[in-house]
Protein chains: 2
Amino acid sequence: MAREASGLGRENAGQRILDASVRLFATRGYAATGIRPIADAAGVTTAALYYYAQTKNDLLMNVMRTGLSELLGSAQRAVAALDDPVDQIRALIDVHVRFGASDPDRAKVIDNEVQWLEGERRISIMTLRDEYEALWASVIARGNMLRSFQVQSESLARLALLEMCNGLAHWYRPDGPMTLEEIVAVFEDMAFSLLRVRDTNPASPVTNDP
Amino acid sequence: MAREASGLGRENAGQRILDASVRLFATRGYAATGIRPIADAAGVTTAALYYYAQTKNDLLMNVMRTGLSELLGSAQRAVAALDDPVDQIRALIDVHVRFGASDPDRAKVIDNEVQWLEGERRISIMTLRDEYEALWASVIARGNMLRSFQVQSESLARLALLEMCNGLAHWYRPDGPMTLEEIVAVFEDMAFSLLRVRDTNPASPVTNDP
DNA sequence: GTCTATACTAGGATAGAC
DNA sequence: GTCTATCCTAGTATAGAC
C-alpha cells in the first residue's frame, strides 16, 4: 500500500520504461531510437534504465517475445477449439486484427524490427513467427483439401491474408470512420472472398464508406 | 568514349553511390545506415560522396522521387489506355507487382522510409503516394458503381490489395519456386476474388505449390 | 533504485590539398 | 573529382555516490 504512494501516481519505472520503448520503437524504429529518449519518456535517467535492462536490445526482445507469444497462444487456442476450416480462418482473422488494433505500436514493432534482435534471439523469435504462419498454412491447406476453399496457391493466399491483416497497424485509428467490429467483419468477408469460400452468403450490400 | 576508360570498368561514381544507397537503405533502414558504409560500398570516401549529394537525406529523396514517379506514371498510362475496370485493376496489379519484383530494394525503401524525408520533401512524396492510391481508389469505385465489382468497403479493399502487392518485396526471390509470370497470374486471380468480380471464369484448378 | 558524471565509439558533415 | 584529416554531436554503456 505504501509502495505506490510516490508523488506522480504513475506505474512503476520498469513498466514506464517498457511502455516508452514500445512507443518509440514503433514510431522511430529500433535503430533510430536512442537510450536517452527512452529514459526521458519514462521519466528516469539512462543509468536507472540500465538497472532494469542490461542492454537496449533486451527491451526489444521483451516486447517481441511477450507480444508474439500472446498472439500465437490466442491463435492456437482459437483454432483448437473449432473444427470447420471456415470458422478457424474467421477466428484467425479475428485474433490477428484485434491484436493489431488493441496495440498498434506493439504490432508494428513485432512486424518491422525483428532484424535488430542480436544472435540467438532473432532465431528464437523468427521460430515463433514461423510457427504462427504454419498455423495459418495448416488451416488453409486443410480447408483447401476439404474443398471448403478453392485456392490456387496456398502460400500466396497465406501471405496475402497476413499482409492484409498486418496492414491494419499502419492505418487503424480508434476514432476512425469504422468501428473495430465493422472492420473485423469486412476483413472476414474479404478473406472468405480471397479464399473462394464455397457456401458464401449472397453478396453483401454494396456501400461507399471511407 | 575515353570517359569510361578507367580501370575497373564499373559505372561512374554517382551511380555507384545511388545503387549502394538503395541497397543499404533497404537492408538496414535509412536511420541505421551510415554515410561511411555507403561510401565504402560505392568505393569512394565520404568526402567524394558529398560531392554528389549535399546531405544523406538527398540520397533518400532521389530514390523516392524517381521510383515513385516511375510507378505512378506507369500506373496512370496503363489505366488511361483501358476502359473496363476489370482490365484496369489487372493492369494496376501487373504494374505494381512487376515494379516490386524488378527492384525489391527500391520498393522496400519507398514503402518503409518515407518518415525520414525532411521538411517539405516528405509532404511532396506523400502527395505522390496519395495520388497513386487515389488512382486505385477511382478504379475500384468505378468498378463497384458499374457492378463489375461487389465490394463492401472500397477503402478496405484498396488497402488490402495494396498491402498484398507490397508484401511481394518482403519475400520475392527471382529463383523462388514460382516464376514471376505465375505470381502475377495468381495475384490477379486473388484480386478478382477479393473484389468479387462478376464474370469470373469457373474456379481455377486447385494446386499445392509452395 | 536512482542519481551525476564520464568513458568511448560512431554518427553527419566540412576544409583544404591535389 | 577525389583524397586526408578533422570538427562536433549523439550513440551505448558504466562507475560510484547516495
# chains A, B, ... in the order shown; residues from 1 in each chain; ligands from 1

$ select_by_dssp --residues "range 3-194 of chain A" --states "alpha helix (DSSP H)" --output "PyMOL selection string"
chain A and resi 13-28+35-42+46-52+56-80+85-102+104-112+120-145+154-171+180-194

$ interface_residues --of "chain B" --to "chain C" --cutoff "10 Å" --atoms "only C-alpha atoms (C1' of nucleotides)" --output "list in words"
Ala32, Thr33, Gly34, Ile35, Arg36, Thr46, Ala47, Tyr50, Gln54, Thr55 and Lys56 of chain B

$ residues_around --residues "range 66-77 of chain B" --least-positions-apart "6" --cutoff "8 Å" --atoms "only C-alpha atoms (C1' of nucleotides)" --output "list in words"
Ala91, Leu92, Val95, His96, Phe99, Arg106, Ala107, Ile110, Ile125, Leu128, Arg129, Glu131, Tyr132 and Leu135 of chain B

$ interface_residues --of "chain B" --to "chain D" --cutoff "12 Å" --atoms "only C-alpha atoms (C1' of nucleotides)" --output "PDB file with N, CA, C and O atoms, in the first residue's frame"
ATOM      1  N   ASN B  12      29.917   5.011 -63.311  1.00  0.00           N
ATOM      2  CA  ASN B  12      30.550   6.151 -62.658  1.00  0.00           C
ATOM      3  C   ASN B  12      30.173   6.216 -61.180  1.00  0.00           C
ATOM      4  O   ASN B  12      29.251   5.538 -60.719  1.00  0.00           O
ATOM      5  N   ALA B  13      30.902   7.028 -60.461  1.00  0.00           N
ATOM      6  CA  ALA B  13      30.768   7.058 -59.010  1.00  0.00           C
ATOM      7  C   ALA B  13      29.362   7.482 -58.576  1.00  0.00           C
ATOM      8  O   ALA B  13      28.807   6.923 -57.625  1.00  0.00           O
ATOM      9  N   GLY B  14      28.791   8.459 -59.265  1.00  0.00           N
ATOM     10  CA  GLY B  14      27.467   8.933 -58.895  1.00  0.00           C
ATOM     11  C   GLY B  14      26.448   7.797 -58.885  1.00  0.00           C
ATOM     12  O   GLY B  14      25.657   7.667 -57.951  1.00  0.00           O
ATOM     13  N   ALA B  32      19.619   3.656 -39.778  1.00  0.00           N
ATOM     14  CA  ALA B  32      20.738   2.843 -39.295  1.00  0.00           C
ATOM     15  C   ALA B  32      21.867   2.745 -40.303  1.00  0.00           C
ATOM     16  O   ALA B  32      22.858   2.068 -40.049  1.00  0.00           O
ATOM     17  N   GLY B  43      32.829   2.466 -53.130  1.00  0.00           N
ATOM     18  CA  GLY B  43      34.238   2.542 -53.469  1.00  0.00           C
ATOM     19  C   GLY B  43      34.797   3.959 -53.505  1.00  0.00           C
ATOM     20  O   GLY B  43      35.712   4.252 -54.266  1.00  0.00           O
ATOM     21  N   VAL B  44      34.239   4.835 -52.673  1.00  0.00           N
ATOM     22  CA  VAL B  44      34.756   6.201 -52.585  1.00  0.00           C
ATOM     23  C   VAL B  44      34.879   6.578 -51.112  1.00  0.00           C
ATOM     24  O   VAL B  44      34.553   5.785 -50.235  1.00  0.00           O
ATOM     25  N   THR B  45      35.347   7.774 -50.836  1.00  0.00           N
ATOM     26  CA  THR B  45      35.397   8.263 -49.461  1.00  0.00           C
ATOM     27  C   THR B  45      34.152   9.108 -49.194  1.00  0.00           C
ATOM     28  O   THR B  45      33.426   9.484 -50.122  1.00  0.00           O
ATOM     29  N   THR B  46      33.924   9.390 -47.917  1.00  0.00           N
ATOM     30  CA  THR B  46      32.742  10.188 -47.582  1.00  0.00           C
ATOM     31  C   THR B  46      32.838  11.573 -48.214  1.00  0.00           C
ATOM     32  O   THR B  46      31.831  12.157 -48.603  1.00  0.00           O
ATOM     33  N   ALA B  47      34.052  12.079 -48.349  1.00  0.00           N
ATOM     34  CA  ALA B  47      34.209  13.410 -48.948  1.00  0.00           C
ATOM     35  C   ALA B  47      33.748  13.400 -50.400  1.00  0.00           C
ATOM     36  O   ALA B  47      33.058  14.319 -50.854  1.00  0.00           O
ATOM     37  N   ALA B  48      34.090  12.339 -51.123  1.00  0.00           N
ATOM     38  CA  ALA B  48      33.651  12.235 -52.521  1.00  0.00           C
ATOM     39  C   ALA B  48      32.131  12.124 -52.582  1.00  0.00           C
ATOM     40  O   ALA B  48      31.477  12.661 -53.484  1.00  0.00           O
ATOM     41  N   LEU B  49      31.575  11.410 -51.603  1.00  0.00           N
ATOM     42  CA  LEU B  49      30.125  11.251 -51.563  1.00  0.00           C
ATOM     43  C   LEU B  49      29.433  12.613 -51.498  1.00  0.00           C
ATOM     44  O   LEU B  49      28.423  12.837 -52.158  1.00  0.00           O
ATOM     45  N   TYR B  50      30.021  13.500 -50.712  1.00  0.00           N
ATOM     46  CA  TYR B  50      29.391  14.814 -50.555  1.00  0.00           C
ATOM     47  C   TYR B  50      29.593  15.713 -51.772  1.00  0.00           C
ATOM     48  O   TYR B  50      29.026  16.793 -51.852  1.00  0.00           O
ATOM     49  N   TYR B  51      30.407  15.254 -52.717  1.00  0.00           N
ATOM     50  CA  TYR B  51      30.495  15.984 -53.973  1.00  0.00           C
ATOM     51  C   TYR B  51      29.237  15.720 -54.810  1.00  0.00           C
ATOM     52  O   TYR B  51      28.810  16.565 -55.592  1.00  0.00           O
ATOM     53  N   TYR B  52      28.615  14.544 -54.636  1.00  0.00           N
ATOM     54  CA  TYR B  52      27.445  14.177 -55.432  1.00  0.00           C
ATOM     55  C   TYR B  52      26.125  14.490 -54.735  1.00  0.00           C
ATOM     56  O   TYR B  52      25.130  14.780 -55.388  1.00  0.00           O
TER      57      TYR B  52
END

$ closest_atom_pairs --of "chain A" --to "chain B" --cutoff "6 Å" --atoms "only C-alpha atoms" --output "CSV"
residue,atom,partner,partner_atom,distance
A:Ala31,CA,B:Ala32,CA,5.6
A:Ala32,CA,B:Ala31,CA,5.5
A:Val151,CA,B:Val206,CA,6.0
A:Gln152,CA,B:Val206,CA,5.0
A:Ser153,CA,B:Asp209,CA,6.0
A:Ser155,CA,B:Pro210,CA,5.5
A:Ala160,CA,B:Met164,CA,4.8
A:Glu163,CA,B:Met164,CA,5.6
A:Met164,CA,B:Ala160,CA,4.8
A:Met190,CA,B:Leu194,CA,5.6
A:Ser193,CA,B:Leu194,CA,5.0
A:Leu194,CA,B:Leu194,CA,4.7
A:Val206,CA,B:Gln152,CA,5.0
A:Thr207,CA,B:Gln152,CA,5.7
A:Pro210,CA,B:Ser155,CA,5.5

$ write_last_selection --atoms "all heavy atoms" --output "CSV table (one decimal), in the first residue's frame"
chain,number,residue,atom,x,y,z
A,31,ALA,N,16.5,1.1,-34.4
A,31,ALA,CA,17.9,1.6,-34.7
A,31,ALA,C,18.0,3.1,-34.5
A,31,ALA,O,19.0,3.6,-34.0
A,31,ALA,CB,18.3,1.3,-36.1
A,32,ALA,N,16.9,3.8,-34.7
A,32,ALA,CA,17.0,5.3,-34.6
A,32,ALA,C,16.5,5.8,-33.3
A,32,ALA,O,16.5,7.0,-33.0
A,32,ALA,CB,16.1,5.9,-35.7
A,151,VAL,N,-8.4,-22.5,-53.5
A,151,VAL,CA,-7.2,-21.6,-53.6
A,151,VAL,C,-6.2,-22.1,-54.6
A,151,VAL,O,-5.9,-23.3,-54.5
A,151,VAL,CB,-6.6,-21.4,-52.2
A,151,VAL,CG1,-5.2,-20.7,-52.3
A,151,VAL,CG2,-7.5,-20.7,-51.2
A,152,GLN,N,-5.8,-21.3,-55.5
A,152,GLN,CA,-4.7,-21.7,-56.5
A,152,GLN,C,-3.4,-21.9,-55.8
A,152,GLN,O,-2.8,-23.0,-56.0
A,152,GLN,CB,-4.6,-20.6,-57.5
A,152,GLN,CG,-5.4,-20.7,-58.8
A,152,GLN,CD,-4.8,-19.7,-59.8
A,152,GLN,OE1,-3.8,-20.0,-60.4
A,152,GLN,NE2,-5.5,-18.6,-60.0
A,153,SER,N,-2.9,-20.9,-55.1
A,153,SER,CA,-1.6,-21.1,-54.4
A,153,SER,C,-1.8,-20.8,-52.9
A,153,SER,O,-2.1,-19.7,-52.5
A,153,SER,CB,-0.6,-20.1,-55.0
A,153,SER,OG,0.5,-20.0,-54.1
A,155,SER,N,0.3,-20.8,-50.5
A,155,SER,CA,1.3,-20.0,-49.9
A,155,SER,C,1.1,-18.5,-50.2
A,155,SER,O,1.2,-17.6,-49.3
A,155,SER,CB,2.8,-20.4,-50.3
A,155,SER,OG,2.9,-20.3,-51.7
A,160,ALA,N,-0.9,-13.2,-48.6
A,160,ALA,CA,-1.8,-12.1,-48.9
A,160,ALA,C,-2.6,-11.8,-47.7
A,160,ALA,O,-2.8,-10.6,-47.3
A,160,ALA,CB,-2.6,-12.4,-50.1
A,163,GLU,N,-0.5,-10.2,-44.9
A,163,GLU,CA,-0.1,-8.8,-45.2
A,163,GLU,C,-1.4,-7.9,-45.0
A,163,GLU,O,-1.3,-6.8,-44.5
A,163,GLU,CB,0.4,-8.7,-46.6
A,163,GLU,CG,1.7,-9.3,-46.9
A,163,GLU,CD,2.9,-8.5,-46.2
A,163,GLU,OE1,2.7,-7.3,-45.8
A,163,GLU,OE2,3.9,-9.1,-46.0
A,164,MET,N,-2.5,-8.4,-45.4
A,164,MET,CA,-3.7,-7.6,-45.3
A,164,MET,C,-4.0,-7.3,-43.8
A,164,MET,O,-4.3,-6.2,-43.5
A,164,MET,CB,-4.9,-8.5,-45.9
A,164,MET,CG,-6.2,-7.9,-45.8
A,164,MET,SD,-7.5,-9.0,-46.6
A,164,MET,CE,-8.2,-9.8,-45.1
A,190,MET,N,-13.6,-10.3,-46.7
A,190,MET,CA,-12.6,-10.2,-47.8
A,190,MET,C,-11.8,-11.5,-47.8
A,190,MET,O,-11.4,-12.0,-48.9
A,190,MET,CB,-11.7,-9.0,-47.6
A,190,MET,CG,-12.3,-7.7,-47.9
A,190,MET,SD,-11.2,-6.3,-48.1
A,190,MET,CE,-10.5,-6.2,-46.4
A,193,SER,N,-13.7,-14.2,-49.5
A,193,SER,CA,-13.7,-14.0,-50.9
A,193,SER,C,-12.4,-14.5,-51.5
A,193,SER,O,-12.4,-15.2,-52.5
A,193,SER,CB,-13.9,-12.5,-51.3
A,193,SER,OG,-15.1,-12.0,-50.7
A,194,LEU,N,-11.3,-14.0,-50.9
A,194,LEU,CA,-10.0,-14.3,-51.4
A,194,LEU,C,-9.8,-15.9,-51.5
A,194,LEU,O,-9.1,-16.4,-52.4
A,194,LEU,CB,-8.9,-13.7,-50.6
A,194,LEU,CG,-7.5,-13.6,-51.2
A,194,LEU,CD1,-6.8,-12.3,-50.8
A,194,LEU,CD2,-6.7,-14.8,-50.7
A,206,VAL,N,-23.7,-3.4,-51.2
A,206,VAL,CA,-22.6,-2.5,-51.6
A,206,VAL,C,-22.8,-1.2,-50.9
A,206,VAL,O,-23.8,-0.5,-51.1
A,206,VAL,CB,-22.5,-2.4,-53.1
A,206,VAL,CG1,-21.4,-1.3,-53.5
A,206,VAL,CG2,-22.2,-3.7,-53.7
A,207,THR,N,-21.8,-0.7,-50.2
A,207,THR,CA,-21.8,0.6,-49.6
A,207,THR,C,-20.6,1.4,-50.1
A,207,THR,O,-19.8,1.0,-50.8
A,207,THR,CB,-21.8,0.5,-48.1
A,207,THR,OG1,-20.6,-0.1,-47.7
A,207,THR,CG2,-22.9,-0.3,-47.6
A,210,PRO,N,-15.9,5.2,-46.2
A,210,PRO,CA,-14.5,5.5,-46.5
A,210,PRO,C,-13.4,4.5,-45.9
A,210,PRO,O,-13.7,3.4,-45.8
A,210,PRO,CB,-14.3,6.8,-45.8
A,210,PRO,CG,-15.3,6.8,-44.7
A,210,PRO,CD,-16.4,5.9,-45.1

$ atom_distance --atom1 "CA of Ala101 in chain A" --atom2 "CA of Pro174 in chain A"
7.8 Å

$ atom_distance --atom1 "CA of Met64 in chain B" --atom2 "CA of His170 in chain B"
17.9 Å

$ atom_distance --atom1 "CA of Glu120 in chain B" --atom2 "CA of Val22 in chain B"
21.2 Å

$ residues_around --residues "range 16-21 of chain B" --least-positions-apart "5" --cutoff "7 Å" --atoms "only C-alpha atoms (C1' of nucleotides)" --output "list in words"
Glu11, Ile38, Ala39, Ala41, Ala42 and Leu59 of chain B

$ residues_around --residues "Arg121 in chain B" --least-positions-apart "3" --cutoff "10 Å" --atoms "only C-alpha atoms (C1' of nucleotides)" --output "PDB file with N, CA and C atoms, in the first residue's frame"
ATOM      1  N   ASN B  57      20.226  12.865 -46.676  1.00  0.00           N
ATOM      2  CA  ASN B  57      18.799  12.911 -46.981  1.00  0.00           C
ATOM      3  C   ASN B  57      18.546  13.064 -48.482  1.00  0.00           C
ATOM      4  N   ASP B  58      19.452  13.722 -49.181  1.00  0.00           N
ATOM      5  CA  ASP B  58      19.299  13.856 -50.636  1.00  0.00           C
ATOM      6  C   ASP B  58      19.283  12.499 -51.322  1.00  0.00           C
ATOM      7  N   MET B  61      15.881  11.044 -50.871  1.00  0.00           N
ATOM      8  CA  MET B  61      14.909  11.750 -51.700  1.00  0.00           C
ATOM      9  C   MET B  61      15.018  11.324 -53.159  1.00  0.00           C
ATOM     10  N   MET B  64      13.399   7.958 -53.681  1.00  0.00           N
ATOM     11  CA  MET B  64      11.953   8.059 -53.509  1.00  0.00           C
ATOM     12  C   MET B  64      11.287   8.696 -54.730  1.00  0.00           C
ATOM     13  N   ARG B  65      11.795   9.866 -55.134  1.00  0.00           N
ATOM     14  CA  ARG B  65      11.108  10.599 -56.179  1.00  0.00           C
ATOM     15  C   ARG B  65      11.159   9.871 -57.513  1.00  0.00           C
ATOM     16  N   VAL B 114       9.695   6.608 -45.812  1.00  0.00           N
ATOM     17  CA  VAL B 114       9.187   7.967 -46.064  1.00  0.00           C
ATOM     18  C   VAL B 114       9.365   8.866 -44.860  1.00  0.00           C
ATOM     19  N   TRP B 116      11.634   9.452 -42.981  1.00  0.00           N
ATOM     20  CA  TRP B 116      12.940  10.077 -42.775  1.00  0.00           C
ATOM     21  C   TRP B 116      13.194  11.236 -43.715  1.00  0.00           C
ATOM     22  N   LEU B 117      12.297  11.463 -44.655  1.00  0.00           N
ATOM     23  CA  LEU B 117      12.444  12.640 -45.512  1.00  0.00           C
ATOM     24  C   LEU B 117      12.197  13.886 -44.679  1.00  0.00           C
ATOM     25  N   GLU B 118      13.014  14.898 -44.899  1.00  0.00           N
ATOM     26  CA  GLU B 118      12.952  16.090 -44.044  1.00  0.00           C
ATOM     27  C   GLU B 118      12.089  17.191 -44.669  1.00  0.00           C
ATOM     28  N   SER B 124       5.886  16.259 -50.200  1.00  0.00           N
ATOM     29  CA  SER B 124       5.783  16.101 -51.649  1.00  0.00           C
ATOM     30  C   SER B 124       5.748  14.618 -52.037  1.00  0.00           C
ATOM     31  N   ILE B 125       6.508  13.796 -51.327  1.00  0.00           N
ATOM     32  CA  ILE B 125       6.482  12.356 -51.633  1.00  0.00           C
ATOM     33  C   ILE B 125       5.164  11.736 -51.190  1.00  0.00           C
ATOM     34  N   MET B 126       4.654  12.162 -50.038  1.00  0.00           N
ATOM     35  CA  MET B 126       3.380  11.606 -49.593  1.00  0.00           C
ATOM     36  C   MET B 126       2.249  12.015 -50.526  1.00  0.00           C
ATOM     37  N   THR B 127       2.390  13.173 -51.143  1.00  0.00           N
ATOM     38  CA  THR B 127       1.392  13.591 -52.127  1.00  0.00           C
ATOM     39  C   THR B 127       1.409  12.662 -53.339  1.00  0.00           C
TER      40      THR B 127
END
